[in-house]
$ cat structure.csv   # CSV, C-alpha atoms
chain,number,residue,atom,x,y,z
A,1,MET,CA,-16.5,23.4,17.1
A,2,GLY,CA,-19.5,21.2,18.1
A,3,VAL,CA,-19.0,19.1,15.0
A,4,VAL,CA,-15.3,18.6,15.8
A,5,LEU,CA,-16.2,17.6,19.4
A,6,ALA,CA,-18.8,15.2,18.2
A,7,PHE,CA,-16.4,13.7,15.7
A,8,THR,CA,-13.7,13.3,18.4
A,9,ALA,CA,-16.2,11.7,20.7
A,10,VAL,CA,-17.2,9.2,18.1
A,11,PHE,CA,-13.6,8.4,17.4
A,12,LEU,CA,-12.8,7.9,21.1
A,13,PHE,CA,-15.9,5.6,21.4
A,14,THR,CA,-14.7,3.6,18.4
A,15,ILE,CA,-11.2,3.3,19.8
A,16,VAL,CA,-12.5,2.1,23.2
A,17,LYS,CA,-14.6,-0.5,21.5
A,18,LEU,CA,-11.6,-1.7,19.4
A,19,ILE,CA,-9.5,-1.9,22.6
A,20,LYS,CA,-12.1,-4.0,24.3
A,21,ALA,CA,-12.5,-6.2,21.3
A,22,LYS,CA,-8.7,-6.7,21.1
A,23,ASP,CA,-8.5,-7.6,24.8
A,24,GLN,CA,-11.3,-10.2,24.3
A,25,GLN,CA,-9.5,-11.5,21.2
A,26,ASP,CA,-6.2,-11.9,23.1
A,27,LYS,CA,-8.0,-13.8,25.9
A,28,SER,CA,-9.8,-16.1,23.4
A,29,ILE,CA,-6.5,-17.3,21.8
A,30,ALA,CA,-4.4,-17.3,25.0
A,31,LYS,CA,-5.0,-21.1,25.1
A,32,ILE,CA,-5.3,-23.3,22.0
A,33,PRO,CA,-8.8,-22.4,20.8
A,34,LEU,CA,-11.5,-24.8,19.6
A,35,PHE,CA,-11.1,-25.4,15.8
A,36,SER,CA,-12.0,-27.9,13.1
A,37,PHE,CA,-10.3,-27.8,9.8
A,38,THR,CA,-10.2,-30.3,6.9
A,39,ASP,CA,-7.1,-32.2,5.9
A,40,LEU,CA,-6.2,-33.1,2.3
A,41,ASN,CA,-8.0,-36.5,2.6
A,42,GLY,CA,-11.2,-34.7,3.5
A,43,GLU,CA,-11.1,-35.7,7.1
A,44,SER,CA,-11.5,-33.2,9.9
A,45,PHE,CA,-8.6,-32.1,12.1
A,46,THR,CA,-9.6,-30.6,15.4
A,47,ASN,CA,-7.8,-29.1,18.5
A,48,LYS,CA,-8.4,-32.4,20.3
A,49,GLN,CA,-5.9,-34.1,17.9
A,50,ILE,CA,-3.0,-32.0,19.0
A,51,ASN,CA,-0.2,-34.0,20.6
A,52,THR,CA,0.4,-32.3,23.9
A,53,ASN,CA,3.6,-34.3,24.5
A,54,ASN,CA,5.4,-32.0,22.1
A,55,LYS,CA,7.5,-29.2,23.4
A,56,GLN,CA,5.7,-26.6,21.2
A,57,PHE,CA,2.7,-26.4,19.0
A,58,ILE,CA,2.9,-23.9,16.2
A,59,ILE,CA,-0.1,-22.7,14.1
A,60,ASN,CA,1.2,-21.4,10.8
A,61,TYR,CA,-1.3,-19.6,8.6
A,62,PHE,CA,0.0,-19.5,5.0
A,63,SER,CA,-0.7,-19.2,1.4
A,64,PRO,CA,0.9,-21.4,-1.3
A,65,ASN,CA,1.5,-18.3,-3.5
A,66,CYS,CA,3.2,-16.3,-0.8
A,67,GLU,CA,6.9,-16.0,-1.4
A,68,HIS,CA,7.7,-15.7,2.3
A,69,CYS,CA,5.6,-18.8,3.1
A,70,GLN,CA,7.6,-20.7,0.4
A,71,SER,CA,10.9,-19.5,2.0
A,72,MET,CA,9.6,-20.8,5.4
A,73,ALA,CA,8.7,-24.1,3.9
A,74,ARG,CA,12.3,-24.5,2.6
A,75,LEU,CA,13.5,-23.7,6.1
A,76,TYR,CA,11.2,-26.3,7.7
A,77,VAL,CA,12.9,-28.9,5.5
A,78,SER,CA,16.5,-27.6,5.8
A,79,ASP,CA,16.1,-27.2,9.6
A,80,SER,CA,13.9,-30.2,10.2
A,81,HIS,CA,16.3,-31.5,12.9
A,82,LYS,CA,15.4,-28.4,15.0
A,83,LEU,CA,11.7,-29.2,14.7
A,84,ARG,CA,11.8,-32.7,16.1
A,85,ASN,CA,9.8,-31.9,19.3
A,86,VAL,CA,7.5,-29.4,17.6
A,87,GLN,CA,4.1,-30.0,16.0
A,88,ILE,CA,3.3,-27.5,13.2
A,89,LEU,CA,-0.2,-27.1,11.9
A,90,MET,CA,-0.1,-25.3,8.5
A,91,ILE,CA,-3.5,-23.8,7.7
A,92,THR,CA,-4.6,-22.2,4.5
A,93,SER,CA,-7.8,-20.9,2.8
A,94,SER,CA,-6.4,-21.7,-0.6
A,95,LYS,CA,-7.7,-24.3,-3.0
A,96,LYS,CA,-6.7,-28.0,-2.5
A,97,GLN,CA,-4.9,-28.3,-5.9
A,98,LEU,CA,-2.6,-25.3,-5.1
A,99,VAL,CA,-1.9,-26.7,-1.6
A,100,GLN,CA,-1.1,-30.2,-3.0
A,101,LYS,CA,1.3,-28.6,-5.5
A,102,PHE,CA,2.9,-26.6,-2.6
A,103,ILE,CA,3.4,-29.7,-0.5
A,104,PHE,CA,5.0,-31.5,-3.5
A,105,ASP,CA,7.2,-28.6,-4.5
A,106,TYR,CA,8.5,-27.9,-1.0
A,107,GLN,CA,8.6,-31.5,0.1
A,108,ILE,CA,6.4,-30.9,3.2
A,109,LYS,CA,5.6,-34.7,3.2
A,110,LEU,CA,9.1,-35.3,4.4
A,111,LEU,CA,8.2,-33.7,7.7
A,112,PRO,CA,6.2,-36.1,9.9
A,113,ASN,CA,5.3,-33.5,12.5
A,114,VAL,CA,3.9,-30.9,10.0
A,115,LYS,CA,0.2,-31.2,9.2
A,116,VAL,CA,-1.4,-29.2,6.4
A,117,VAL,CA,-5.1,-28.5,6.6
A,118,LEU,CA,-7.6,-26.5,4.6
A,119,ASP,CA,-9.7,-23.7,6.1
A,120,THR,CA,-12.7,-24.2,3.9
A,121,ASN,CA,-15.0,-22.2,6.1
A,122,PHE,CA,-12.7,-19.3,6.8
A,123,GLN,CA,-12.6,-20.1,10.5
A,124,PHE,CA,-9.0,-19.0,11.0
A,125,GLN,CA,-9.7,-15.4,10.4
A,126,GLN,CA,-12.7,-15.5,12.8
A,127,ILE,CA,-10.7,-17.1,15.6
A,128,PHE,CA,-7.3,-15.5,15.2
A,129,LYS,CA,-8.3,-12.2,13.4
A,130,LYS,CA,-5.1,-12.5,11.2
A,131,VAL,CA,-5.0,-12.4,7.5
A,132,LEU,CA,-1.3,-11.8,6.8
A,133,THR,CA,0.8,-14.7,5.6
A,134,PRO,CA,2.9,-16.2,7.1
A,135,SER,CA,1.5,-15.8,10.6
A,136,TYR,CA,2.6,-17.9,13.5
A,137,PHE,CA,1.0,-18.6,16.9
A,138,ILE,CA,3.3,-20.5,19.1
A,139,TYR,CA,1.9,-22.4,22.1
A,140,GLU,CA,3.8,-24.1,24.9
A,141,LYS,CA,1.8,-26.3,27.3
A,142,ASP,CA,-1.4,-24.9,25.9
A,143,GLN,CA,-0.4,-21.3,26.5
A,144,LEU,CA,0.2,-18.8,23.7
A,145,VAL,CA,3.8,-17.6,24.2
A,146,LYS,CA,4.4,-15.7,21.0
A,147,GLN,CA,2.8,-14.3,17.8
A,148,ILE,CA,5.0,-13.6,14.8
A,149,THR,CA,4.1,-12.3,11.4
A,150,GLY,CA,6.4,-12.6,8.4
A,151,GLU,CA,9.4,-14.7,7.5
A,152,VAL,CA,11.8,-15.6,10.3
A,153,LYS,CA,14.6,-17.9,11.2
A,154,ILE,CA,13.5,-21.2,12.7
A,155,ASP,CA,15.5,-20.4,15.8
A,156,LEU,CA,13.4,-17.3,16.5
A,157,LEU,CA,10.2,-19.4,16.2
A,158,LEU,CA,11.5,-21.8,18.8
A,159,GLN,CA,13.0,-19.3,21.2
B,160,MET,CA,12.0,37.1,12.1
B,161,LEU,CA,9.0,36.4,9.9
B,162,ASN,CA,10.3,38.7,7.1
B,163,PHE,CA,11.0,36.1,4.4
B,164,LYS,CA,9.3,34.6,1.3
B,165,ASN,CA,7.5,31.3,2.0
B,166,SER,CA,9.1,29.7,-1.1
B,167,ASN,CA,12.6,30.5,0.2
B,168,GLY,CA,11.7,29.3,3.7
B,169,LEU,CA,10.2,26.1,2.4
B,170,LEU,CA,13.3,25.5,0.2
B,171,ILE,CA,15.6,25.9,3.1
B,172,ILE,CA,13.6,23.8,5.6
B,173,VAL,CA,13.0,21.0,3.0
B,174,GLY,CA,16.6,21.0,2.0
B,175,VAL,CA,17.9,20.7,5.6
B,176,ASN,CA,15.4,17.8,6.2
B,177,ILE,CA,16.6,16.0,3.1
B,178,LEU,CA,20.1,16.3,4.3
B,179,ILE,CA,19.1,14.9,7.7
B,180,LEU,CA,17.3,12.0,5.9
B,181,TYR,CA,20.5,11.3,4.0
B,182,LEU,CA,22.5,11.3,7.2
B,183,TYR,CA,20.0,8.9,8.8
B,184,ASN,CA,20.3,6.5,5.8
B,185,HIS,CA,24.1,6.7,5.7
B,186,ILE,CA,25.3,7.2,9.3
B,187,ILE,CA,22.7,5.5,11.4
B,188,PHE,CA,20.9,2.9,9.1
B,189,THR,CA,24.1,1.5,7.6
B,190,ASP,CA,24.4,-1.9,6.1
B,191,ARG,CA,26.2,-3.0,9.3
B,192,PHE,CA,23.2,-1.8,11.3
B,193,TYR,CA,20.8,-3.9,9.3
B,194,ILE,CA,23.0,-7.0,9.4
B,195,THR,CA,23.4,-6.7,13.2
B,196,THR,CA,19.7,-6.0,14.0
B,197,LEU,CA,18.1,-8.4,11.5
B,198,SER,CA,20.5,-11.4,11.9
B,199,SER,CA,18.3,-12.9,14.6
B,200,ARG,CA,15.3,-12.9,12.3
B,201,TYR,CA,16.6,-13.5,8.7
B,202,ASP,CA,19.6,-15.3,7.2
B,203,TYR,CA,22.5,-13.4,5.7
B,204,ASN,CA,21.5,-13.7,2.1
B,205,LYS,CA,18.0,-12.5,2.9
B,206,ILE,CA,19.4,-9.5,4.7
B,207,ILE,CA,21.7,-8.6,1.9
B,208,SER,CA,18.8,-8.8,-0.6
B,209,LEU,CA,16.7,-6.5,1.7
B,210,ILE,CA,19.6,-4.0,2.0
B,211,SER,CA,20.1,-4.1,-1.8
B,212,PHE,CA,16.4,-3.5,-2.4
B,213,ASN,CA,16.4,-0.6,0.2
B,214,ARG,CA,19.4,1.1,-1.5
B,215,ASN,CA,17.8,0.7,-4.9
B,216,ILE,CA,14.7,2.6,-3.9
B,217,GLU,CA,16.4,5.1,-1.6
B,218,TRP,CA,16.2,7.8,-4.4
B,219,MET,CA,12.4,7.6,-4.2
B,220,THR,CA,12.4,8.7,-0.6
B,221,TYR,CA,14.3,11.9,-1.6
B,222,ILE,CA,11.6,12.7,-4.1
B,223,LEU,CA,8.5,11.7,-2.0
B,224,PHE,CA,9.7,13.2,1.2
B,225,PRO,CA,9.6,16.9,0.1
B,226,ILE,CA,6.1,16.4,-1.3
B,227,ILE,CA,4.8,14.8,1.9
B,228,TYR,CA,6.7,17.4,4.1
B,229,ILE,CA,5.3,20.4,2.2
B,230,LEU,CA,1.8,18.9,2.4
B,231,LYS,CA,2.3,18.4,6.2
B,232,ILE,CA,3.3,22.1,6.5
B,233,ILE,CA,0.3,23.3,4.5
B,234,GLY,CA,-1.9,21.0,6.5
B,235,ILE,CA,-0.7,22.3,9.9
B,236,ALA,CA,-0.9,25.9,8.6
B,237,SER,CA,-4.5,25.3,7.5
B,238,ILE,CA,-5.4,23.9,10.9
B,239,VAL,CA,-3.7,26.8,12.7
B,240,TYR,CA,-5.5,29.2,10.3
B,241,ILE,CA,-8.9,27.6,11.3
B,242,GLY,CA,-8.0,28.3,14.9
B,243,ILE,CA,-7.1,31.9,14.1
B,244,LYS,CA,-10.3,32.5,12.1
B,245,PHE,CA,-12.3,31.1,15.1
B,246,PHE,CA,-11.0,33.9,17.2
B,247,GLU,CA,-11.4,36.4,14.3
B,248,ILE,CA,-7.7,37.5,14.2
B,249,ALA,CA,-6.5,39.1,11.0
B,250,ILE,CA,-3.7,36.7,10.0
B,251,ARG,CA,-3.5,35.4,6.4
B,252,LEU,CA,-2.9,31.7,5.6
B,253,ARG,CA,0.4,32.5,3.9
B,254,ASP,CA,1.6,34.0,7.2
B,255,CYS,CA,0.5,30.8,9.0
B,256,VAL,CA,2.8,28.9,6.6
B,257,LYS,CA,5.6,31.3,7.8
B,258,ILE,CA,4.9,30.5,11.4
B,259,ILE,CA,5.0,26.7,10.7
B,260,ILE,CA,8.3,27.0,8.8
B,261,ILE,CA,9.9,28.7,11.8
B,262,ALA,CA,8.3,26.2,14.3
B,263,GLU,CA,9.7,23.3,12.2
B,264,ILE,CA,13.1,24.3,13.4
B,265,ILE,CA,12.3,22.5,16.6
B,266,PRO,CA,11.9,19.0,15.1
B,267,LEU,CA,15.1,19.7,13.2
B,268,ILE,CA,16.9,20.2,16.5
B,269,ILE,CA,15.5,16.8,17.7
B,270,SER,CA,16.7,15.2,14.5
B,271,VAL,CA,20.2,16.6,14.8
B,272,PHE,CA,20.3,15.5,18.4
B,273,LYS,CA,19.2,12.0,17.4
B,274,ILE,CA,21.8,11.7,14.7
B,275,LEU,CA,24.6,12.8,17.1
B,276,TYR,CA,23.3,10.5,19.9
B,277,PHE,CA,23.0,7.4,17.7
B,278,TYR,CA,26.3,8.1,15.9
B,279,ILE,CA,28.0,7.9,19.3
B,280,TYR,CA,25.7,5.1,20.7
B,281,PRO,CA,24.6,3.1,17.6
B,282,PRO,CA,21.0,1.7,18.1
B,283,LYS,CA,20.7,-2.0,18.7
B,284,SER,CA,17.3,-2.2,16.9
B,285,ILE,CA,15.0,-0.1,14.8
B,286,GLN,CA,12.6,0.0,17.8
B,287,GLU,CA,15.3,1.6,20.0
B,288,PHE,CA,15.6,4.4,17.4
B,289,GLN,CA,11.9,4.9,17.0
B,290,TYR,CA,11.3,4.8,20.7
B,291,PHE,CA,14.1,7.3,21.5
B,292,ASN,CA,12.4,10.2,23.3
B,293,PRO,CA,14.7,11.7,25.9
B,294,PHE,CA,12.5,14.6,27.0
B,295,GLY,CA,9.3,12.8,26.8
B,296,LEU,CA,6.9,10.8,29.0
B,297,SER,CA,7.8,7.5,27.3
B,298,PHE,CA,11.4,7.9,28.7
B,299,PHE,CA,10.0,6.9,32.1
B,300,PHE,CA,8.4,3.7,30.8
B,301,LYS,CA,9.9,0.6,29.3
B,302,GLU,CA,8.6,0.0,25.8
B,303,GLU,CA,7.1,-3.4,26.8
B,304,ALA,CA,5.0,-1.7,29.5
B,305,ILE,CA,3.1,0.4,26.9
B,306,PRO,CA,0.5,-1.3,24.7
B,307,PRO,CA,1.6,-0.9,21.0
B,308,TYR,CA,-1.3,1.2,20.1
B,309,LEU,CA,-0.4,3.8,22.8
B,310,ILE,CA,3.2,4.2,21.8
B,311,TYR,CA,2.6,6.9,19.3
B,312,PRO,CA,0.5,9.1,21.7
B,313,PHE,CA,3.2,8.6,24.4
B,314,LEU,CA,5.9,9.7,22.0
B,315,GLN,CA,4.0,13.0,21.3
B,316,LEU,CA,4.0,13.9,25.0
B,317,ASN,CA,7.4,15.6,25.3
B,318,LEU,CA,9.1,18.9,26.0
B,319,PHE,CA,9.8,19.5,22.3
B,320,GLU,CA,6.1,19.3,21.5
B,321,VAL,CA,5.6,22.0,24.2
B,322,ALA,CA,8.3,24.1,22.6
B,323,TYR,CA,6.5,23.6,19.2
B,324,TRP,CA,3.3,24.8,20.7
B,325,CYS,CA,5.1,27.8,22.2
B,326,ALA,CA,6.7,28.6,18.8
B,327,LEU,CA,3.4,28.5,17.1
B,328,ALA,CA,1.8,30.7,19.8
B,329,TYR,CA,4.7,33.2,19.6
B,330,GLY,CA,4.3,33.5,15.8
B,331,ILE,CA,0.6,34.1,16.2
B,332,LYS,CA,1.3,36.7,18.9
B,333,LEU,CA,3.8,38.6,16.6
B,334,LEU,CA,1.6,38.6,13.5
B,335,GLY,CA,-1.7,39.1,15.4
B,336,THR,CA,-0.3,41.7,17.8
B,337,ILE,CA,-2.2,39.9,20.6
B,338,SER,CA,-1.1,38.6,24.0
B,339,PHE,CA,0.9,35.3,24.3
B,340,LYS,CA,-1.9,33.9,26.4
B,341,LYS,CA,-4.5,34.5,23.7
B,342,ALA,CA,-2.1,33.2,21.0
B,343,PHE,CA,-1.6,30.0,23.0
B,344,GLN,CA,-5.4,29.6,23.3
B,345,ILE,CA,-5.6,30.0,19.5
B,346,THR,CA,-2.9,27.4,19.1
B,347,ALA,CA,-4.7,25.0,21.4
B,348,THR,CA,-8.0,25.5,19.5
B,349,GLY,CA,-6.5,25.0,16.1
B,350,TYR,CA,-3.3,22.9,16.3
B,351,GLY,CA,-4.2,21.2,19.6
B,352,VAL,CA,-7.5,19.9,18.4
B,353,GLY,CA,-6.1,18.9,15.0
B,354,MET,CA,-3.2,17.1,16.7
B,355,THR,CA,-5.6,15.3,19.0
B,356,ILE,CA,-7.7,14.1,16.1
B,357,TRP,CA,-4.6,13.0,14.2
B,358,ILE,CA,-3.3,11.0,17.2
B,359,LEU,CA,-6.7,9.3,17.6
B,360,PHE,CA,-6.7,8.5,13.9
B,361,VAL,CA,-3.3,6.9,14.2
B,362,VAL,CA,-4.4,4.8,17.3
B,363,PHE,CA,-7.5,3.8,15.4
B,364,LEU,CA,-5.5,2.6,12.4
B,365,GLN,CA,-3.1,0.7,14.6
B,366,LEU,CA,-6.0,-1.1,16.4
B,367,GLN,CA,-7.8,-1.8,13.2
B,368,PHE,CA,-4.9,-3.2,11.3
B,369,SER,CA,-2.7,-4.8,13.9
$ encode --input "structure.csv" --output "structure tokens"
Amino acid sequence: MGVVLAFTAVFLFTIVKLIKAKDQQDKSIAKIPLFSFTDLNGESFTNKQINTNNKQFIINYFSPNCEHCQSMARLYVSDSHKLRNVQILMITSSKKQLVQKFIFDYQIKLLPNVKVVLDTNFQFQQIFKKVLTPSYFIYEKDQLVKQITGEVKIDLLLQ
Amino acid sequence: MLNFKNSNGLLIIVGVNILILYLYNHIIFTDRFYITTLSSRYDYNKIISLISFNRNIEWMTYILFPIIYILKIIGIASIVYIGIKFFEIAIRLRDCVKIIIIAEIIPLIISVFKILYFYIYPPKSIQEFQYFNPFGLSFFFKEEAIPPYLIYPFLQLNLFEVAYWCALAYGIKLLGTISFKKAFQITATGYGVGMTIWILFVVFLQLQFS
């Protein structure tokens, strides 16, 4: 019985720690966090380069091999008229060659307000604590309004 | 009341649960339900392909479910048995399985109630179905007011869970020829502690992987 109580106490302690870490994590991304990624030309792209005139700023963590990310890329192009006032930052930890092929295959270059960057230092997971693709963090006026994981309609992203 | 073979009891309880699962899949979670609830998130073709995939693998649920359910019954019986042994009552493990089989009638009643309710008032979302808990603490709170990792513990706090505890205690009372009060203490020691640890484990997993 003592062992069970000790086990339960350890579990409870771990849960409380996880809850505190989660609250801290939520606070740290409530506003657009500090970041620095590398674009495909090797130049750095930081949070200071975000255009705050846009209605929304969407951070999209993706992988070129992810089928749902590929579907979303097709939606970006087909529904590009809905994304006129939105800035999308597509971030991936994948290799540059794969990303370049992805951009070519899904015509991402046709979208002037979509920027693709490489997370060579695996910063994204440290800042946002997300690994699933596609993941979306939607900011309006520097405030996080929504987090979505998985494939969705563009309308749901912009709601 | 407890005069039946475990194998017969398991066959009946598993069979009824499979029937309920079939009714869920064909009365509540119909194609129309998925199209209505998922249309805001996915386009029509995507929804149709999801439905088709779901229907193709449906047969697997009818094979996996009995295995998981029987393991659940044996697991709960083992935990109750530990509680019984702690109090040095002479009840065998196979008799604990009998007690659990009888007590599992209570979740069956909830399932039947849910099917009837959602047949009359179709759910607007999967969350509405999952969150439905009419005799529970969560009924008094909006889903948005509860942190996601606390939803599962909240759902366990309901009158049917109390009835389940009472059913277990009554079974232990009958087989152990002890008072109901002592039987309830045994239930709290075995099943209560086991359930607490299980809930903490689920909360831990949700926090870790959300």
$ closest_atom_pairs --input "structure.csv" --of "chain A" --to "chain B" --cutoff "6 Å" --atoms "all atoms listed in the file" --output "JSON lines"
{"residue": "A:Ile15", "atom": "CA", "partner": "B:Phe363", "partner_atom": "CA", "distance": 5.8}
{"residue": "A:Val152", "atom": "CA", "partner": "B:Arg200", "partner_atom": "CA", "distance": 4.9}
{"residue": "A:Lys153", "atom": "CA", "partner": "B:Arg200", "partner_atom": "CA", "distance": 5.2}
$ closest_residue --input "structure.csv" --among "A:Thr92, A:Gln159, A:Thr14, A:Thr38" --to "Gln125 of chain A" --atoms "all atoms listed in the file"
A:Thr92
$ closest_residue --input "structure.csv" --among "A:Ile154, A:Leu98, A:Gln143, A:Phe122" --to "Lys55 of chain A" --atoms "only C-alpha atoms"
A:Gln143
$ atom_distance --input "structure.csv" --atom1 "atom CA of Trp357 of chain B" --atom2 "atom CA of Pro282 of chain B"
28.3 Å
$ atom_distance --input "structure.csv" --atom1 "atom CA of Gln286 of chain B" --atom2 "atom CA of Gln147 of chain A"
17.3 Å
$ atom_distance --input "structure.csv" --atom1 "atom CA of Lys115 of chain A" --atom2 "atom CA of Ile88 of chain A"
6.3 Å
$ closest_residue --input "structure.csv" --among "A:Ser80, A:Gln107, A:Gln70, A:Gln123" --to "Gly150 of chain A" --atoms "all atoms listed in the file"
A:Gln70
$ closest_residue --input "structure.csv" --among "B:Ile264, B:Leu209, B:Ile222, B:Cys325" --to "Ile194 of chain B" --atoms "only C-alpha atoms"
B:Leu209
$ residues_around --input "structure.csv" --residues "Phe188 of chain B" --least-positions-apart "6" --cutoff "12 Å" --atoms "all atoms listed in the file" --output "PDB file with C-alpha atoms, in the coordinates of the input"
ATOM      1  CA  LEU B 180      17.300  12.000   5.900  1.00  0.00           C
ATOM      2  CA  TYR B 181      20.500  11.300   4.000  1.00  0.00           C
ATOM      3  CA  LEU B 182      22.500  11.300   7.200  1.00  0.00           C
ATOM      4  CA  ILE B 194      23.000  -7.000   9.400  1.00  0.00           C
ATOM      5  CA  THR B 195      23.400  -6.700  13.200  1.00  0.00           C
ATOM      6  CA  THR B 196      19.700  -6.000  14.000  1.00  0.00           C
ATOM      7  CA  LEU B 197      18.100  -8.400  11.500  1.00  0.00           C
ATOM      8  CA  ILE B 210      19.600  -4.000   2.000  1.00  0.00           C
ATOM      9  CA  ASN B 213      16.400  -0.600   0.200  1.00  0.00           C
ATOM     10  CA  ARG B 214      19.400   1.100  -1.500  1.00  0.00           C
ATOM     11  CA  GLU B 217      16.400   5.100  -1.600  1.00  0.00           C
ATOM     12  CA  ILE B 274      21.800  11.700  14.700  1.00  0.00           C
ATOM     13  CA  PHE B 277      23.000   7.400  17.700  1.00  0.00           C
ATOM     14  CA  TYR B 278      26.300   8.100  15.900  1.00  0.00           C
ATOM     15  CA  PRO B 281      24.600   3.100  17.600  1.00  0.00           C
ATOM     16  CA  PRO B 282      21.000   1.700  18.100  1.00  0.00           C
ATOM     17  CA  LYS B 283      20.700  -2.000  18.700  1.00  0.00           C
ATOM     18  CA  SER B 284      17.300  -2.200  16.900  1.00  0.00           C
ATOM     19  CA  ILE B 285      15.000  -0.100  14.800  1.00  0.00           C
ATOM     20  CA  PHE B 288      15.600   4.400  17.400  1.00  0.00           C
TER      21      PHE B 288
END
$ residues_around --input "structure.csv" --residues "Leu40 of chain A" --least-positions-apart "5" --cutoff "9 Å" --atoms "all atoms listed in the file" --output "MDAnalysis selection string"
chainID A and resid 96 99:100 116:118
$ closest_residue --input "structure.csv" --among "B:Ile207, B:Ile331, B:Ala347, B:Ile259" --to "Thr189 of chain B" --atoms "only C-alpha atoms"
B:Ile207
$ residues_around --input "structure.csv" --residues "Leu296 of chain B" --least-positions-apart "4" --cutoff "7 Å" --atoms "only C-alpha atoms" --output "PDB file with C-alpha atoms, in the frame of the given file"
ATOM      1  CA  PHE B 313       3.200   8.600  24.400  1.00  0.00           C
ATOM      2  CA  LEU B 316       4.000  13.900  25.000  1.00  0.00           C
ATOM      3  CA  ASN B 317       7.400  15.600  25.300  1.00  0.00           C
TER       4      ASN B 317
END
$ residues_around --input "structure.csv" --residues "Val173 of chain B" --least-positions-apart "2" --cutoff "12 Å" --atoms "only C-alpha atoms" --output "PyMOL selection string"
chain B and resi 165-171+175-180+221-232+260+263-264+267
$ residues_around --input "structure.csv" --residues "Ile261 of chain B" --least-positions-apart "4" --cutoff "10 Å" --atoms "only C-alpha atoms" --output "ChimeraX atom specification"
/B:160-161,168-169,172,256-257,265,323,326-327,330
$ closest_residue --input "structure.csv" --among "A:Leu89, A:Leu83, A:Ile148, A:Cys66" --to "Ile32 of chain A" --atoms "only C-alpha atoms"
A:Leu89
